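A short worksheet on the structure shown next.
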Number of protein chains: 2
Amino acid sequence: MQNDIREARKTLEDFEIENGSSDEIDDETLFIVTQTFKALGDPTRVRILHLLFKKECSVNEIADTLDIRQSTVSHQLRFLKNLRLVKYRRAGTTLFYSHDDEHVMLILEQMINHACHS
Amino acid sequence: MQNDIREARKTLEDFEIENGSSDEIDDETLFIVTQTFKALGDPTRVRILHLLFKKECSVNEIADTLDIRQSTVSHQLRFLKNLRLVKYRRAGTTLFYSHDDEHVMLILEQMINHACHS
DNA sequence: ACGATATATGAACACATTATCATATACGCA
DNA sequence: TGCGTATATGATAATGTGTTCATATATCGT
């Protein structure tokens, strides 16, 4: 436990060194950061991403599994796609979605872990 | 680069193993996760947290440094305090705020790094 | 107790977000 | 070409969010 905290702090300092002690965040970076976190700030999108973390899914599969309307799923997938957090491949009339940003998925799973172990 | 991705995937799999392949996220965890990400999904709050990452600050110091009204800063600090993302110590009439969740700060700095290196 | 300064709070407004319904589009197949 | 299924889109209504102004509270020094 104590070790975890010290480990985290060490990594934070590493970032500072890497960045050359970044002062204020530039506007473009700030925009991307907040947009991405906004994407993760909604239960529906988190559930979809968490599902896609485990396996590629069609739109209807997502809707059925999570008990969300197809239209809602589609809207949220477009949102996630614009941020390049998901991608899809076509198979006939069916679209199979999967995640497209390993780093963000790692962050999501980290947060889920952090939240349920506390 | 390629190595980074493989490293991330490995860590994701580790989470799966740790969790015993968690299927759906339970409601309470989902709530905490989305609330926390929501906190990080606003430019003002991100700027405040990023500042507090570097040093403890009084409310006015934050307001002056980031050019935000005192009232706005105070409101956002309350928001962050409710989520236990920040804490404060009193020194007379001045309140010095600092961050209070190493793990979330790590995630924030990770995302900033990810965003500006892309 | 009073004035000065630091911070917090509440109400109000503008704006963003989300889910839903109805409908459109796209593809495969007979 | 026309039908059935899968997905996308647009408009709308309900709700949530962020900032601001005005004002309240709190602490210190005199």
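Scheme for the structure tokens: letters A, B, ... for chains in order shown; per-chain residue numbers from 1; ligand numbers from 1 in order shown.
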
* Provide as number ranges by chain the residues of chain C at most 8 Å from chain A, counting only C-alpha atoms (C1' of nucleotides). => C: 19, 26-28

Emit the selected residues as an mmCIF file, in the first residue's frame, including N, CA, C and O atoms (P, O5', C5', C4', C3', O3' and C1' of nucleotides).
data_model
loop_
_atom_site.group_PDB
_atom_site.id
_atom_site.type_symbol
_atom_site.label_atom_id
_atom_site.label_comp_id
_atom_site.auth_asym_id
_atom_site.auth_seq_id
_atom_site.Cartn_x
_atom_site.Cartn_y
_atom_site.Cartn_z
ATOM 1 P P DA C 19 -26.952 8.217 -22.474
ATOM 2 O "O5'" DA C 19 -28.495 8.190 -22.807
ATOM 3 C "C5'" DA C 19 -29.416 8.531 -21.782
ATOM 4 C "C4'" DA C 19 -30.825 8.592 -22.350
ATOM 5 C "C3'" DA C 19 -31.220 7.373 -23.187
ATOM 6 O "O3'" DA C 19 -32.508 6.944 -22.786
ATOM 7 C "C1'" DA C 19 -31.468 9.377 -24.457
ATOM 8 P P DA C 26 -25.935 5.570 -48.269
ATOM 9 O "O5'" DA C 26 -25.574 4.085 -47.830
ATOM 10 C "C5'" DA C 26 -24.986 3.854 -46.553
ATOM 11 C "C4'" DA C 26 -24.900 2.360 -46.334
ATOM 12 C "C3'" DA C 26 -24.569 1.585 -47.605
ATOM 13 O "O3'" DA C 26 -23.584 0.622 -47.291
ATOM 14 C "C1'" DA C 26 -26.507 0.711 -46.605
ATOM 15 P P DC C 27 -22.615 0.040 -48.470
ATOM 16 O "O5'" DC C 27 -22.889 -1.520 -48.368
ATOM 17 C "C5'" DC C 27 -22.779 -2.153 -47.091
ATOM 18 C "C4'" DC C 27 -23.680 -3.365 -47.063
ATOM 19 C "C3'" DC C 27 -23.510 -4.294 -48.266
ATOM 20 O "O3'" DC C 27 -22.877 -5.477 -47.803
ATOM 21 C "C1'" DC C 27 -25.803 -4.000 -47.635
ATOM 22 P P DG C 28 -22.387 -6.593 -48.842
ATOM 23 O "O5'" DG C 28 -23.563 -7.657 -48.708
ATOM 24 C "C5'" DG C 28 -23.835 -8.223 -47.421
ATOM 25 C "C4'" DG C 28 -25.041 -9.147 -47.513
ATOM 26 C "C3'" DG C 28 -24.964 -10.162 -48.650
ATOM 27 O "O3'" DG C 28 -25.387 -11.425 -48.143
ATOM 28 C "C1'" DG C 28 -26.948 -8.868 -48.866
#

* **Arg90 (chain B) environment, 12 Å, only C-alpha atoms (C1' of nucleotides), sequence neighbours closer than 4 positions dropped, as a list in words** => Glu56, Cys57, Ser58, Val59, Thr94, Leu95, Phe96, Tyr97 and Ser98 of chain B; DA6 and DT7 of chain C; DA26 and DT27 of chain D

* **Every residue of chain B that DSSP places in strand (DSSP E or B), as a list in words** =>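 Taking chain B and keeping strand (DSSP E or B) gives Cys57, Ser58, Val86, Lys87, Tyr88, Arg89, Arg90, Ala91, Thr94, Leu95, Phe96, Tyr97, Ser98 and His99 of chain B.
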
Writer output for current selection, all heavy atoms, as a short mmCIF file (atom, residue, chain, number, x, y, z; two decimals), in the first residue's frame:
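out13.cif written:
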data_model
loop_
_atom_site.label_atom_id
_atom_site.label_comp_id
_atom_site.auth_asym_id
_atom_site.auth_seq_id
_atom_site.Cartn_x
_atom_site.Cartn_y
_atom_site.Cartn_z
N CYS B 57 -1.11 25.48 -3.28
CA CYS B 57 -1.48 26.86 -3.64
C CYS B 57 -2.67 27.32 -2.82
O CYS B 57 -3.55 26.54 -2.50
CB CYS B 57 -1.88 26.94 -5.10
SG CYS B 57 -0.52 26.96 -6.27
N SER B 58 -2.69 28.62 -2.55
CA SER B 58 -3.88 29.22 -1.95
C SER B 58 -4.90 29.46 -3.06
O SER B 58 -4.56 29.44 -4.24
CB SER B 58 -3.53 30.54 -1.28
OG SER B 58 -3.33 31.53 -2.28
N VAL B 86 -8.55 16.72 -3.89
CA VAL B 86 -7.71 17.74 -3.25
C VAL B 86 -8.02 17.81 -1.76
O VAL B 86 -9.07 17.34 -1.32
CB VAL B 86 -7.93 19.15 -3.88
CG1 VAL B 86 -7.63 19.13 -5.37
CG2 VAL B 86 -9.32 19.66 -3.60
N LYS B 87 -7.08 18.38 -1.02
CA LYS B 87 -7.27 18.65 0.42
C LYS B 87 -6.73 20.05 0.69
O LYS B 87 -6.16 20.66 -0.21
CB LYS B 87 -6.51 17.61 1.24
CG LYS B 87 -5.00 17.61 1.02
CD LYS B 87 -4.34 16.59 1.94
CE LYS B 87 -2.82 16.69 1.90
NZ LYS B 87 -2.20 15.76 0.94
N TYR B 88 -6.93 20.57 1.90
CA TYR B 88 -6.33 21.86 2.21
C TYR B 88 -5.84 21.90 3.64
O TYR B 88 -6.27 21.11 4.48
CB TYR B 88 -7.32 23.00 1.94
CG TYR B 88 -8.54 23.00 2.82
CD1 TYR B 88 -8.49 23.55 4.11
CD2 TYR B 88 -9.73 22.46 2.38
CE1 TYR B 88 -9.61 23.55 4.93
CE2 TYR B 88 -10.85 22.46 3.19
CZ TYR B 88 -10.78 22.99 4.46
OH TYR B 88 -11.89 22.99 5.27
N ARG B 89 -4.93 22.82 3.88
CA ARG B 89 -4.53 23.12 5.26
C ARG B 89 -4.74 24.61 5.44
O ARG B 89 -4.59 25.40 4.51
CB ARG B 89 -3.08 22.70 5.49
CG ARG B 89 -2.05 23.69 5.05
CD ARG B 89 -0.62 23.24 5.28
NE ARG B 89 0.25 23.97 4.37
CZ ARG B 89 0.73 25.19 4.63
NH1 ARG B 89 0.44 25.79 5.76
NH2 ARG B 89 1.51 25.80 3.74
N ARG B 90 -5.10 24.98 6.66
CA ARG B 90 -5.38 26.38 6.95
C ARG B 90 -4.13 27.06 7.49
O ARG B 90 -3.38 26.47 8.26
CB ARG B 90 -6.51 26.45 7.96
CG ARG B 90 -6.76 27.77 8.57
CD ARG B 90 -8.23 27.89 8.99
NE ARG B 90 -8.90 28.86 8.15
CZ ARG B 90 -10.15 28.76 7.74
NH1 ARG B 90 -10.84 27.70 8.03
NH2 ARG B 90 -10.68 29.72 7.01
N ALA B 91 -3.89 28.31 7.08
CA ALA B 91 -2.82 29.13 7.65
C ALA B 91 -3.43 30.51 7.84
O ALA B 91 -3.44 31.32 6.93
CB ALA B 91 -1.61 29.18 6.74
N THR B 94 -5.87 32.12 5.20
CA THR B 94 -5.56 31.54 3.89
C THR B 94 -5.66 30.02 3.91
O THR B 94 -5.23 29.38 4.86
CB THR B 94 -4.13 31.95 3.47
OG1 THR B 94 -4.04 33.37 3.42
CG2 THR B 94 -3.78 31.37 2.10
N LEU B 95 -6.22 29.46 2.85
CA LEU B 95 -6.30 28.00 2.73
C LEU B 95 -5.35 27.54 1.62
O LEU B 95 -5.43 28.03 0.50
CB LEU B 95 -7.72 27.57 2.38
CG LEU B 95 -8.82 27.98 3.35
CD1 LEU B 95 -10.16 27.39 2.92
CD2 LEU B 95 -8.50 27.56 4.77
N PHE B 96 -4.47 26.64 1.99
CA PHE B 96 -3.55 26.10 0.99
C PHE B 96 -4.04 24.74 0.51
O PHE B 96 -4.14 23.80 1.30
CB PHE B 96 -2.13 25.99 1.58
CG PHE B 96 -1.45 27.31 1.72
CD1 PHE B 96 -1.42 27.97 2.94
CD2 PHE B 96 -0.85 27.92 0.62
CE1 PHE B 96 -0.81 29.21 3.07
CE2 PHE B 96 -0.24 29.16 0.74
CZ PHE B 96 -0.22 29.81 1.97
N TYR B 97 -4.34 24.68 -0.76
CA TYR B 97 -4.84 23.44 -1.35
C TYR B 97 -3.69 22.63 -1.95
O TYR B 97 -2.70 23.18 -2.45
CB TYR B 97 -5.87 23.75 -2.43
CG TYR B 97 -7.24 24.02 -1.87
CD1 TYR B 97 -7.58 25.28 -1.39
CD2 TYR B 97 -8.19 23.01 -1.82
CE1 TYR B 97 -8.85 25.53 -0.88
CE2 TYR B 97 -9.46 23.24 -1.31
CZ TYR B 97 -9.77 24.50 -0.84
OH TYR B 97 -11.03 24.73 -0.32
N SER B 98 -3.86 21.33 -1.90
CA SER B 98 -2.90 20.43 -2.55
C SER B 98 -3.64 19.19 -3.03
O SER B 98 -4.78 18.96 -2.62
CB SER B 98 -1.79 20.05 -1.57
OG SER B 98 -2.35 19.49 -0.40
N HIS B 99 -3.02 18.41 -3.88
CA HIS B 99 -3.71 17.23 -4.39
C HIS B 99 -3.74 16.14 -3.33
O HIS B 99 -2.91 16.13 -2.42
CB HIS B 99 -3.07 16.75 -5.69
CG HIS B 99 -1.64 16.36 -5.59
ND1 HIS B 99 -1.24 15.10 -5.21
CD2 HIS B 99 -0.51 17.07 -5.80
CE1 HIS B 99 0.07 15.04 -5.23
NE2 HIS B 99 0.54 16.22 -5.57
#

Contact check, chain D to chain A, at most 8 Å, counting only C-alpha atoms (C1' of nucleotides), closest pairs as CSV:
residue,atom,partner,partner_atom,distance
D:DT5,C1',A:Thr93,CA,7.9
D:DA6,C1',A:Thr93,CA,5.6
D:DT7,C1',A:Ser74,CA,7.4
D:DA8,C1',A:Ser74,CA,7.0

* Asked: How far is it from CA of Leu106 (chain B) to CA of Val33 (chain B), in Å with one decimal?
  -> 14.9 Å

* Once DSSP has gone over the backbone, tell me which residues of chain A are in helix (DSSP H, G or I), as number ranges by chain. => A: 2-19, 27-39, 43-54, 59-66, 70-82, 102-116

* Name the residues in contact with DT17 (chain C) at a cut-off of 10 Å, using only C-alpha atoms (C1' of nucleotides), excluding same-chain residues fewer than 5 positions from it; report them as a list in words. =>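 Listing them by chain and then by number gives Asp42 of chain A; DT15, DG16 and DT17 of chain D.
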
Prev. selection, N, CA and C atoms (P, O5', C5', C4', C3', O3' and C1' of nucleotides), output as a short mmCIF file (atom, residue, chain, number, x, y, z; two decimals), in the first residue's frame:
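Heads up, here's the output in out.cif:
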data_model
loop_
_atom_site.label_atom_id
_atom_site.label_comp_id
_atom_site.auth_asym_id
_atom_site.auth_seq_id
_atom_site.Cartn_x
_atom_site.Cartn_y
_atom_site.Cartn_z
N ASP A 42 -18.76 9.26 -18.84
CA ASP A 42 -20.15 8.88 -19.00
C ASP A 42 -20.31 7.37 -18.85
P DT D 15 -36.31 15.67 -16.26
"O5'" DT D 15 -34.74 15.69 -16.03
"C5'" DT D 15 -33.92 14.75 -16.75
"C4'" DT D 15 -32.50 15.26 -16.81
"C3'" DT D 15 -32.02 15.94 -15.53
"O3'" DT D 15 -30.97 15.16 -15.00
"C1'" DT D 15 -31.36 17.14 -17.47
P DG D 16 -30.15 15.61 -13.66
"O5'" DG D 16 -28.84 16.20 -14.33
"C5'" DG D 16 -28.18 15.44 -15.35
"C4'" DG D 16 -26.94 16.17 -15.79
"C3'" DG D 16 -26.10 16.74 -14.65
"O3'" DG D 16 -24.74 16.48 -14.96
"C1'" DG D 16 -26.74 18.49 -16.13
P DT D 17 -23.57 16.95 -13.95
"O5'" DT D 17 -23.07 18.29 -14.68
"C5'" DT D 17 -22.91 18.29 -16.08
"C4'" DT D 17 -22.15 19.55 -16.46
"C3'" DT D 17 -21.22 20.09 -15.39
"O3'" DT D 17 -20.00 20.42 -16.03
"C1'" DT D 17 -22.77 21.75 -16.04
#

* Interface residues on chain B facing chain A, 9 Å, only C-alpha atoms, written as a ChimeraX atom specification -> /B:4-6,8-9,11-12,15-16,19,23-26,28-43,46-47,50-51,54,66,102-116

Filtering to N, CA and C atoms, could you give me those residues as a short mmCIF file (atom, residue, chain, number, x, y, z; two decimals), in the first residue's frame?
data_model
loop_
_atom_site.label_atom_id
_atom_site.label_comp_id
_atom_site.auth_asym_id
_atom_site.auth_seq_id
_atom_site.Cartn_x
_atom_site.Cartn_y
_atom_site.Cartn_z
N ASP B 4 5.93 0.18 -26.55
CA ASP B 4 4.98 0.83 -25.65
C ASP B 4 3.63 0.15 -25.71
N ILE B 5 3.18 -0.11 -26.93
CA ILE B 5 1.86 -0.72 -27.11
C ILE B 5 1.83 -2.11 -26.50
N ARG B 6 2.88 -2.85 -26.76
CA ARG B 6 2.91 -4.20 -26.22
C ARG B 6 2.96 -4.16 -24.68
N ALA B 8 1.68 -1.85 -22.80
CA ALA B 8 0.34 -1.48 -22.32
C ALA B 8 -0.58 -2.70 -22.32
N ARG B 9 -0.54 -3.45 -23.41
CA ARG B 9 -1.39 -4.62 -23.52
C ARG B 9 -1.09 -5.61 -22.40
N THR B 11 0.03 -4.97 -19.48
CA THR B 11 -0.49 -4.48 -18.22
C THR B 11 -2.01 -4.65 -18.17
N LEU B 12 -2.68 -4.44 -19.29
CA LEU B 12 -4.12 -4.64 -19.33
C LEU B 12 -4.49 -6.08 -19.00
N PHE B 15 -4.36 -6.72 -15.36
CA PHE B 15 -5.56 -6.29 -14.65
C PHE B 15 -6.63 -7.37 -14.72
N GLU B 16 -6.82 -7.94 -15.91
CA GLU B 16 -7.80 -8.99 -16.09
C GLU B 16 -7.55 -10.15 -15.14
N ASN B 19 -8.27 -9.19 -11.50
CA ASN B 19 -9.69 -9.06 -11.24
C ASN B 19 -10.44 -10.38 -11.40
N ASP B 23 -16.44 -9.12 -15.48
CA ASP B 23 -17.32 -8.95 -16.62
C ASP B 23 -17.90 -7.54 -16.63
N GLU B 24 -19.11 -7.38 -16.13
CA GLU B 24 -19.69 -6.03 -16.07
C GLU B 24 -19.18 -5.33 -14.80
N ILE B 25 -19.05 -4.04 -14.91
CA ILE B 25 -18.60 -3.24 -13.77
C ILE B 25 -19.79 -3.04 -12.84
N ASP B 26 -19.58 -3.18 -11.54
CA ASP B 26 -20.71 -2.95 -10.62
C ASP B 26 -21.03 -1.46 -10.54
N GLU B 28 -21.57 0.79 -8.28
CA GLU B 28 -20.83 1.72 -7.42
C GLU B 28 -19.49 2.08 -8.04
N THR B 29 -18.79 1.07 -8.53
CA THR B 29 -17.50 1.32 -9.19
C THR B 29 -17.70 2.20 -10.41
N LEU B 30 -18.70 1.86 -11.20
CA LEU B 30 -18.99 2.65 -12.40
C LEU B 30 -19.23 4.11 -12.04
N PHE B 31 -19.93 4.32 -10.95
CA PHE B 31 -20.24 5.69 -10.51
C PHE B 31 -18.96 6.44 -10.15
N ILE B 32 -18.13 5.81 -9.36
CA ILE B 32 -16.88 6.47 -8.94
C ILE B 32 -16.00 6.75 -10.16
N VAL B 33 -15.88 5.78 -11.03
CA VAL B 33 -15.04 5.94 -12.22
C VAL B 33 -15.52 7.12 -13.07
N THR B 34 -16.82 7.15 -13.36
CA THR B 34 -17.32 8.21 -14.23
C THR B 34 -17.24 9.57 -13.54
N GLN B 35 -17.52 9.60 -12.24
CA GLN B 35 -17.42 10.87 -11.52
C GLN B 35 -16.00 11.41 -11.58
N THR B 36 -15.05 10.52 -11.38
CA THR B 36 -13.66 10.95 -11.37
C THR B 36 -13.22 11.43 -12.74
N PHE B 37 -13.61 10.70 -13.77
CA PHE B 37 -13.26 11.12 -15.12
C PHE B 37 -13.98 12.42 -15.47
N LYS B 38 -15.20 12.59 -14.97
CA LYS B 38 -15.92 13.83 -15.20
C LYS B 38 -15.13 15.00 -14.61
N ALA B 39 -14.57 14.76 -13.45
CA ALA B 39 -13.75 15.80 -12.80
C ALA B 39 -12.59 16.19 -13.69
N LEU B 40 -12.03 15.25 -14.39
CA LEU B 40 -10.88 15.50 -15.26
C LEU B 40 -11.31 15.94 -16.66
N GLY B 41 -12.59 16.05 -16.88
CA GLY B 41 -13.10 16.37 -18.20
C GLY B 41 -13.40 17.85 -18.38
N ASP B 42 -12.93 18.65 -17.48
CA ASP B 42 -13.16 20.09 -17.59
C ASP B 42 -11.83 20.85 -17.57
N PRO B 43 -11.62 21.76 -18.52
CA PRO B 43 -10.34 22.47 -18.65
C PRO B 43 -9.93 23.21 -17.36
N VAL B 46 -8.76 20.70 -14.79
CA VAL B 46 -7.47 20.11 -15.18
C VAL B 46 -6.34 21.11 -14.93
N ARG B 47 -6.57 22.37 -15.27
CA ARG B 47 -5.53 23.37 -15.04
C ARG B 47 -5.23 23.53 -13.56
N HIS B 50 -3.36 20.39 -12.39
CA HIS B 50 -2.00 20.38 -12.93
C HIS B 50 -1.12 21.37 -12.17
N LEU B 51 -1.71 22.47 -11.77
CA LEU B 51 -0.98 23.45 -10.95
C LEU B 51 -0.67 22.87 -9.58
N LYS B 54 2.20 20.50 -9.11
CA LYS B 54 3.54 21.06 -8.94
C LYS B 54 3.75 21.67 -7.57
N LEU B 66 -3.94 31.34 -12.94
CA LEU B 66 -4.66 30.80 -14.09
C LEU B 66 -5.64 31.82 -14.69
N GLU B 102 -2.83 10.45 -5.31
CA GLU B 102 -1.63 10.22 -6.13
C GLU B 102 -1.98 9.46 -7.40
N HIS B 103 -2.84 8.49 -7.26
CA HIS B 103 -3.15 7.64 -8.40
C HIS B 103 -3.86 8.42 -9.51
N VAL B 104 -4.83 9.22 -9.12
CA VAL B 104 -5.54 10.02 -10.11
C VAL B 104 -4.60 11.06 -10.74
N MET B 105 -3.71 11.63 -9.93
CA MET B 105 -2.74 12.59 -10.48
C MET B 105 -1.82 11.90 -11.49
N LEU B 106 -1.48 10.68 -11.19
CA LEU B 106 -0.65 9.92 -12.13
C LEU B 106 -1.39 9.73 -13.45
N ILE B 107 -2.65 9.39 -13.35
CA ILE B 107 -3.47 9.20 -14.54
C ILE B 107 -3.58 10.50 -15.33
N LEU B 108 -3.79 11.60 -14.63
CA LEU B 108 -3.86 12.90 -15.31
C LEU B 108 -2.57 13.21 -16.06
N GLU B 109 -1.45 13.04 -15.40
CA GLU B 109 -0.17 13.36 -16.04
C GLU B 109 0.11 12.39 -17.20
N GLN B 110 -0.29 11.15 -17.03
CA GLN B 110 -0.19 10.18 -18.12
C GLN B 110 -0.94 10.67 -19.35
N MET B 111 -2.17 11.13 -19.11
CA MET B 111 -3.01 11.56 -20.23
C MET B 111 -2.43 12.81 -20.89
N ILE B 112 -1.95 13.74 -20.10
CA ILE B 112 -1.33 14.95 -20.65
C ILE B 112 -0.16 14.56 -21.54
N ASN B 113 0.64 13.65 -21.02
CA ASN B 113 1.77 13.15 -21.78
C ASN B 113 1.35 12.49 -23.07
N HIS B 114 0.37 11.64 -22.96
CA HIS B 114 -0.17 10.94 -24.13
C HIS B 114 -0.68 11.93 -25.16
N ALA B 115 -1.36 12.95 -24.70
CA ALA B 115 -1.98 13.93 -25.61
C ALA B 115 -0.94 14.80 -26.31
N CYS B 116 0.07 15.22 -25.59
CA CYS B 116 0.98 16.14 -26.24
C CYS B 116 2.09 15.43 -27.01
#

* Asked: By how many Å are CA of Leu49 (chain B) and CA of Phe79 (chain B) apart?
  ->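 Interatomic distance here is 11.9 Å.
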
* To do: Can you work out the spacing between C1' of DT20 (chain C) and C1' of DT12 (chain D) in Å, to one decimal?
  =>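 Interatomic distance, C1' of DT20 (chain C) to C1' of DT12 (chain D): 8.8 Å.
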
* Asked: What lies within 10 Å of DG10 (chain D) using only C-alpha atoms (C1' of nucleotides), ignoring chain neighbours under 4 positions off, as an NGL selection string?
  -> :C and (22-24)
